[in-house]
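S.K.: Hey, dropping work_0.cif in here, mmCIF, C-alpha atoms:
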data_structure
loop_
_atom_site.label_atom_id
_atom_site.label_comp_id
_atom_site.auth_asym_id
_atom_site.auth_seq_id
_atom_site.Cartn_x
_atom_site.Cartn_y
_atom_site.Cartn_z
CA MET A 1 -2.88 2.84 -23.22
CA GLU A 2 0.14 5.11 -22.75
CA ASP A 3 2.09 4.57 -19.55
CA LEU A 4 1.21 7.97 -18.04
CA GLN A 5 -2.48 7.13 -18.37
CA TYR A 6 -1.91 4.52 -15.66
CA LEU A 7 -0.62 7.30 -13.43
CA ASP A 8 -3.95 9.09 -14.00
CA LEU A 9 -5.76 5.87 -13.07
CA ILE A 10 -3.80 5.69 -9.79
CA TRP A 11 -4.73 9.25 -8.81
CA ASP A 12 -8.33 8.80 -9.97
CA ARG A 13 -8.60 5.72 -7.75
CA LEU A 14 -7.04 7.56 -4.80
CA ARG A 15 -9.42 10.52 -5.27
CA SER A 16 -12.40 8.16 -5.33
CA MET A 17 -11.16 6.63 -2.09
CA ALA A 18 -11.00 10.09 -0.50
CA ASP A 19 -14.43 11.21 -1.71
CA GLY A 20 -16.14 7.95 -0.70
CA SER A 21 -17.10 6.79 -4.20
CA ALA A 22 -14.66 3.84 -4.19
CA PRO A 23 -15.66 0.49 -2.64
CA SER A 24 -13.12 1.15 0.13
CA ALA A 25 -11.06 4.08 1.38
CA ALA A 26 -8.65 1.87 3.32
CA ILE A 27 -4.94 1.59 2.62
CA GLN A 28 -2.36 -0.36 4.57
CA LEU A 29 0.35 1.98 5.82
CA ALA A 30 3.84 0.79 6.75
CA THR A 31 6.19 2.80 8.93
CA VAL A 32 9.59 1.99 10.40
CA SER A 33 9.11 1.05 14.06
CA SER A 34 11.48 1.88 16.91
CA THR A 35 12.99 -1.61 16.57
CA GLY A 36 13.61 -1.10 12.85
CA SER A 37 10.92 -3.57 11.83
CA PRO A 38 7.93 -2.59 9.69
CA GLY A 39 4.89 -1.26 11.54
CA LEU A 40 1.76 -2.01 9.51
CA ARG A 41 -1.79 -0.76 10.00
CA THR A 42 -4.87 0.29 8.06
CA VAL A 43 -5.70 3.97 7.61
CA ILE A 44 -8.48 5.74 5.72
CA VAL A 45 -7.64 8.06 2.83
CA ARG A 46 -9.11 11.51 3.62
CA GLU A 47 -7.55 13.85 1.04
CA VAL A 48 -5.64 13.48 -2.21
CA SER A 49 -3.82 16.02 -4.37
CA PHE A 50 -2.23 15.05 -7.67
CA GLU A 51 -0.79 18.56 -8.05
CA GLU A 52 1.04 18.26 -4.73
CA ALA A 53 1.44 14.47 -5.00
CA THR A 54 -0.01 13.96 -1.52
CA VAL A 55 -2.29 11.46 0.16
CA SER A 56 -3.59 12.31 3.65
CA PHE A 57 -5.09 10.37 6.56
CA ILE A 58 -5.98 11.07 10.19
CA THR A 59 -4.83 9.50 13.43
CA ASP A 60 -4.43 10.12 17.16
CA ILE A 61 -1.41 12.35 17.82
CA ARG A 62 -0.46 9.94 20.64
CA SER A 63 -0.39 6.89 18.33
CA THR A 64 2.57 4.66 17.59
CA LYS A 65 2.43 5.59 13.90
CA ILE A 66 3.01 9.26 14.83
CA LYS A 67 6.03 8.27 16.92
CA ASP A 68 7.32 6.19 14.00
CA ILE A 69 6.82 9.04 11.51
CA ARG A 70 8.54 11.56 13.77
CA ARG A 71 11.53 9.24 14.10
CA ASP A 72 11.66 8.18 10.44
CA PRO A 73 9.23 9.77 7.96
CA ARG A 74 9.72 7.13 5.25
CA VAL A 75 6.45 5.25 4.64
CA SER A 76 4.84 2.97 2.12
CA ALA A 77 1.19 2.15 1.53
CA ILE A 78 -0.77 -0.38 -0.46
CA SER A 79 -4.38 -1.00 -1.42
CA TYR A 80 -6.01 -3.84 -3.29
CA GLU A 81 -9.53 -3.77 -4.67
CA LEU A 82 -11.03 -7.24 -4.97
CA GLU A 83 -13.69 -6.29 -7.52
CA SER A 84 -11.34 -4.68 -10.05
CA ARG A 85 -8.32 -6.77 -8.99
CA VAL A 86 -6.12 -3.69 -8.99
CA GLN A 87 -3.33 -3.02 -6.51
CA ILE A 88 -1.84 0.42 -5.88
CA LYS A 89 1.45 0.84 -4.04
CA LEU A 90 2.81 4.17 -2.81
CA ALA A 91 6.08 5.23 -1.20
CA GLY A 92 7.11 8.59 0.17
CA THR A 93 7.63 10.65 3.28
CA ALA A 94 4.95 11.46 5.84
CA ALA A 95 4.55 14.66 7.80
CA ILE A 96 2.13 15.87 10.43
CA VAL A 97 0.15 18.76 8.97
CA ASP A 98 0.55 21.95 11.03
CA ASP A 99 -1.71 24.14 8.89
CA LYS A 100 -4.64 25.01 11.19
CA ASP A 101 -7.07 25.67 8.34
CA ALA A 102 -6.29 22.35 6.65
CA ARG A 103 -6.69 20.45 9.94
CA HIS A 104 -9.93 22.23 10.78
CA ALA A 105 -11.41 21.57 7.32
CA VAL A 106 -10.81 17.83 7.64
CA TRP A 107 -12.09 17.78 11.26
CA GLU A 108 -15.32 19.50 10.18
CA ARG A 109 -15.94 16.85 7.50
CA LEU A 110 -15.54 13.93 9.91
CA LYS A 111 -18.61 11.92 10.83
CA PRO A 112 -19.47 11.70 14.54
CA HIS A 113 -18.19 8.12 14.86
CA SER A 114 -14.81 9.20 13.43
CA ARG A 115 -14.54 12.13 15.85
CA LYS A 116 -15.44 9.83 18.75
CA GLN A 117 -12.15 7.93 18.41
CA PHE A 118 -10.35 11.05 19.67
CA GLU A 119 -12.39 11.08 22.92
CA ARG A 120 -10.67 7.94 24.25
CA ASP A 121 -8.42 8.34 27.27
CA LEU A 122 -5.97 5.79 25.91
CA PRO A 123 -4.55 5.94 22.39
CA SER A 124 -5.10 3.00 20.07
CA GLY A 125 -2.92 -0.05 20.69
CA ILE A 126 -2.28 0.56 24.41
CA SER A 127 -2.91 -2.38 26.75
CA LEU A 128 -6.12 -1.93 28.75
CA TYR A 129 -4.82 -3.92 31.72
CA SER A 130 -1.47 -4.32 33.43
CA SER A 131 0.08 -7.74 34.09
CA ASP A 132 -1.68 -7.88 37.48
CA GLY A 133 -5.09 -7.21 35.90
CA THR A 134 -5.55 -3.63 37.03
CA PRO A 135 -6.77 -1.09 34.49
CA MET A 136 -4.05 0.86 32.75
CA GLY A 137 -3.89 4.63 32.75
CA TRP A 138 -2.26 6.91 30.24
CA GLU A 139 1.12 8.13 31.46
CA ASP A 140 0.33 11.81 31.42
CA ASP A 141 3.44 13.95 31.41
CA GLY A 142 1.28 17.07 31.53
CA ALA A 143 1.78 17.73 27.83
CA SER A 144 -0.62 15.05 26.58
CA PRO A 145 -3.61 16.62 24.78
CA LYS A 146 -6.87 16.46 26.71
CA GLU A 147 -9.42 17.65 24.14
CA PRO A 148 -10.49 15.45 21.20
CA TYR A 149 -9.53 18.05 18.57
CA ASP A 150 -6.08 18.41 20.14
CA ARG A 151 -5.59 14.64 19.85
CA PHE A 152 -6.51 14.75 16.16
CA ALA A 153 -3.63 14.64 13.70
CA LEU A 154 -3.77 15.07 9.94
CA VAL A 155 -0.87 13.31 8.25
CA SER A 156 0.15 13.92 4.65
CA ILE A 157 2.29 11.55 2.60
CA SER A 158 4.41 13.24 -0.06
CA VAL A 159 4.35 10.49 -2.69
CA THR A 160 7.65 9.87 -4.47
CA SER A 161 6.69 6.63 -6.22
CA ALA A 162 3.48 4.87 -7.20
CA GLU A 163 2.73 1.51 -8.80
CA TRP A 164 -0.29 0.16 -10.64
CA LEU A 165 -0.78 -3.62 -10.84
CA ASP A 166 -3.83 -4.97 -12.66
CA VAL A 167 -4.33 -8.74 -12.38
CA SER A 168 -7.86 -8.79 -13.83
CA THR A 169 -6.79 -10.28 -17.16
CA GLU A 170 -4.51 -13.11 -18.23
CA ASP A 171 -1.84 -10.57 -19.23
CA HIS A 172 -1.27 -8.74 -15.97
CA THR A 173 -0.19 -5.09 -16.27
CA ARG A 174 2.27 -3.32 -13.98
CA HIS A 175 3.59 0.22 -14.18
CA ALA A 176 5.82 2.16 -11.78
CA PHE A 177 6.04 5.94 -11.58
CA TYR A 178 8.74 8.00 -9.89
CA ARG A 179 8.53 11.70 -9.13
CA ASP A 180 11.50 14.03 -9.21
CA ARG A 181 11.65 17.51 -7.71
CA GLN A 182 9.81 19.41 -10.48
CA PRO A 183 7.42 17.43 -9.77
CA LYS A 184 7.57 15.48 -12.98
CA TRP A 185 6.71 11.81 -13.13
CA ARG A 186 8.83 9.18 -14.93
CA SER A 187 7.29 5.84 -15.85
CA ILE A 188 8.67 2.33 -16.09
CA ARG A 189 6.81 -0.73 -17.32
CA LEU A 190 7.49 -3.67 -14.99
CA SER A 191 7.10 -7.38 -15.28
CA PRO A 192 3.96 -8.26 -13.34
#
Output the structure of this file as structure tokens.
M.R.:
Amino acid sequence: MEDLQYLDLIWDRLRSMADGSAPSAAIQLATVSSTGSPGLRTVIVREVSFEEATVSFITDIRSTKIKDIRRDPRVSAISYELESRVQIKLAGTAAIVDDKDARHAVWERLKPHSRKQFERDLPSGISLYSSDGTPMGWEDDGASPKEPYDRFALVSISVTSAEWLDVSTEDHTRHAFYRDRQPKWRSIRLSP
């Protein structure tokens, strides 16, 4: 198989994650936290575009990952599928999507349980109780979004590198791909 065919396999796998035909749509996303350490969490792939080299997910606009991305947009992501024993790694820059039509299209496709996460008063990861045991409240500076749709953020990763690692056979296979500004992909075969 030619090296660039592995790039096609990466994007095919990502597309199947976005359309729900893959066993899982989850990827682990790493951001740079305010302390400089990695911030790691699982997100669900919602949209993929090979032409634009983007992978998108949703989150609460008040979340820590949004704060991390605003401060430093460099991110990396990884997925591993147990059945196929294939790992995909991505690196790039993340941006909050401002396009109203794009946001609305993704919002409309969300299932009710996914929309429900944006109804919560507190964003994910906030302590429910203070040190004295009293319930916590969200520190509302007046600018915090009140409506679920206003709390909804679509984030797009502009992928600059991708790796395919297949450990399903005795001779493991690993390929790395790097995108320049055209966007044109370069490939490198790596030791697994």
S.K.: Please evaluate the PyMOL selection byres ((chain A and resi 29) around 6) against the structure above and give the resulting residues as a short mmCIF file (atom, residue, chain, number, x, y, z; two decimals) with C-alpha atoms, in the frame of the given file.
M.R.:
data_model
loop_
_atom_site.label_atom_id
_atom_site.label_comp_id
_atom_site.auth_asym_id
_atom_site.auth_seq_id
_atom_site.Cartn_x
_atom_site.Cartn_y
_atom_site.Cartn_z
CA GLN A 28 -2.36 -0.36 4.57
CA ALA A 30 3.84 0.79 6.75
CA LEU A 40 1.76 -2.01 9.51
CA ARG A 41 -1.79 -0.76 10.00
CA THR A 42 -4.87 0.29 8.06
CA SER A 76 4.84 2.97 2.12
CA ALA A 77 1.19 2.15 1.53
#
S.K.: In Å, how far is it from atom CA of A:Asp166 to atom CA of A:Arg85?
M.R.: 6.1 Å
S.K.: Work out how far apart atom CA of A:Ile10 and atom CA of A:Ala176 are and give it in Å to one decimal.
M.R.: 10.4 Å
S.K.: I would like the residues chosen by the PyMOL selection byres ((chain A and resi 80) around 10) on the shown file; could you give them as a list in words?
M.R.: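 Those residues are Ser24, Ala26, Ile27, Gln28, Ile78, Ser79, Glu81, Leu82, Glu83, Ser84, Arg85, Val86, Gln87, Ile88, Lys89, Leu165 and Asp166 of chain A.
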S.K.: With a distance cut-off of 10 Å and only C-alpha atoms, select the neighbouring residues of A:Gly125, excluding the residue or stretch itself and same-chain residues fewer than 3 positions from it, and output the selection as a ChimeraX atom specification.
M.R.: /A:63-64,122,128
S.K.: Quick check, in Å to one decimal: how far apart do atom CA of A:Thr160 and atom CA of A:Asp180 lie?
M.R.: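 Going from atom CA of A:Thr160 over to atom CA of A:Asp180, I get 7.4 Å.
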S.K.: Find the residues near A:Gly20: any atom within 12 Å, counting all atoms listed in the file, skip ones fewer than 5 places away on the same chain, and give them as an MDAnalysis selection string.
M.R.: chainID A and resid 13:15 25:26 44:48
S.K.: On this file, the PyMOL selection byres ((chain A and resi 71) around 12) gives some set of residues; write that set as a VMD selection string.
M.R.: chain A and resid 31 to 36 64 to 70 72 to 75 93 to 95
S.K.: Using only C-alpha atoms, pick whichever of A:Ala91, A:Ala153, A:Ala102, A:Val55 has the shortest atom-to-atom distance to A:Arg115.
M.R.: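 Under the stated criterion, the closest residue is A:Ala153.
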S.K.: Pick out the closest residue to A:Ser16 from this set: A:Gly39, A:Glu108, A:Glu147, A:Ser49. Count all atoms listed in the file.
M.R.: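 Of A:Gly39, A:Glu108, A:Glu147, A:Ser49, the one nearest A:Ser16, counting all atoms listed in the file, is A:Ser49.
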S.K.: For A:Arg189, work out the shell of residues within 8 Å, counting all atoms listed in the file and skipping chain neighbours fewer than 4 positions away, then give it as a list in words.
M.R.: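 Residues meeting the cut-off are Asp3, Arg174, His175 and Ala176 of chain A.
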S.K.: Would you please work out which residue, of A:Ala53, A:Ile61, A:Val155, A:Val97, is nearest to A:Leu7 when using all atoms listed in the file?
M.R.: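 Looking at the shortest contact to A:Leu7, the residue is A:Ala53.
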S.K.: Find, counting all atoms listed in the file, the residue in A:Leu4, A:Val159, A:Ile96, A:Leu110 that gets nearest to A:Arg179.
M.R.: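 Of all the options, A:Val159 lies closest to A:Arg179.
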S.K.: Export C-alpha atoms of stretch 61-133 of chain A from the structure just given, as a tab-separated table (two decimals), in the first residue's frame?
M.R.:
chain	number	residue	atom	x	y	z
A	61	ILE	CA	-18.44	27.66	25.91
A	62	ARG	CA	-17.74	28.02	29.66
A	63	SER	CA	-15.54	24.89	29.79
A	64	THR	CA	-11.89	24.72	30.75
A	65	LYS	CA	-10.98	23.40	27.30
A	66	ILE	CA	-12.37	26.61	25.74
A	67	LYS	CA	-10.26	28.70	28.12
A	68	ASP	CA	-7.22	26.59	27.23
A	69	ILE	CA	-7.85	26.94	23.47
A	70	ARG	CA	-8.34	30.70	23.72
A	71	ARG	CA	-5.04	31.01	25.58
A	72	ASP	CA	-3.09	28.54	23.41
A	73	PRO	CA	-4.80	26.99	20.37
A	74	ARG	CA	-2.27	24.16	19.95
A	75	VAL	CA	-3.96	20.79	20.52
A	76	SER	CA	-3.39	17.12	19.92
A	77	ALA	CA	-5.84	14.24	19.81
A	78	ILE	CA	-5.66	10.47	19.77
A	79	SER	CA	-8.02	7.56	19.25
A	80	TYR	CA	-7.48	3.83	19.52
A	81	GLU	CA	-9.89	1.22	18.23
A	82	LEU	CA	-9.58	-2.07	20.12
A	83	GLU	CA	-11.19	-4.21	17.42
A	84	SER	CA	-8.95	-3.09	14.56
A	85	ARG	CA	-5.99	-2.25	16.83
A	86	VAL	CA	-5.44	1.01	15.00
A	87	GLN	CA	-4.36	4.26	16.62
A	88	ILE	CA	-4.79	7.68	15.02
A	89	LYS	CA	-2.95	10.73	16.33
A	90	LEU	CA	-3.67	14.30	15.25
A	91	ALA	CA	-2.02	17.64	15.98
A	92	GLY	CA	-3.08	21.11	14.98
A	93	THR	CA	-4.70	24.32	16.12
A	94	ALA	CA	-8.22	24.64	17.47
A	95	ALA	CA	-10.62	27.51	16.95
A	96	ILE	CA	-14.13	28.26	18.13
A	97	VAL	CA	-16.40	28.33	15.08
A	98	ASP	CA	-18.17	31.68	14.69
A	99	ASP	CA	-20.12	30.78	11.55
A	100	LYS	CA	-23.78	30.86	12.65
A	101	ASP	CA	-24.98	28.51	9.91
A	102	ALA	CA	-22.31	25.91	10.73
A	103	ARG	CA	-23.12	26.08	14.46
A	104	HIS	CA	-26.86	25.87	13.84
A	105	ALA	CA	-26.48	22.86	11.50
A	106	VAL	CA	-24.56	20.90	14.14
A	107	TRP	CA	-26.99	21.96	16.91
A	108	GLU	CA	-29.96	20.74	14.85
A	109	ARG	CA	-28.35	17.30	14.40
A	110	LEU	CA	-27.73	16.81	18.13
A	111	LYS	CA	-29.80	14.23	19.96
A	112	PRO	CA	-31.85	15.47	22.95
A	113	HIS	CA	-29.43	13.98	25.50
A	114	SER	CA	-26.54	15.87	23.87
A	115	ARG	CA	-28.45	19.17	23.92
A	116	LYS	CA	-29.35	18.60	27.57
A	117	GLN	CA	-25.72	19.02	28.66
A	118	PHE	CA	-26.01	22.72	27.75
A	119	GLU	CA	-28.94	23.22	30.16
A	120	ARG	CA	-26.74	22.79	33.24
A	121	ASP	CA	-26.21	25.83	35.45
A	122	LEU	CA	-22.61	24.84	36.10
A	123	PRO	CA	-20.15	23.97	33.34
A	124	SER	CA	-18.50	20.56	33.37
A	125	GLY	CA	-15.68	20.09	35.87
A	126	ILE	CA	-16.83	22.71	38.40
A	127	SER	CA	-17.03	21.59	42.04
A	128	LEU	CA	-20.64	21.09	43.16
A	129	TYR	CA	-19.89	22.00	46.78
A	130	SER	CA	-17.61	24.47	48.51
A	131	SER	CA	-15.17	23.42	51.24
A	132	ASP	CA	-17.87	24.04	53.88
A	133	GLY	CA	-20.36	21.78	52.08
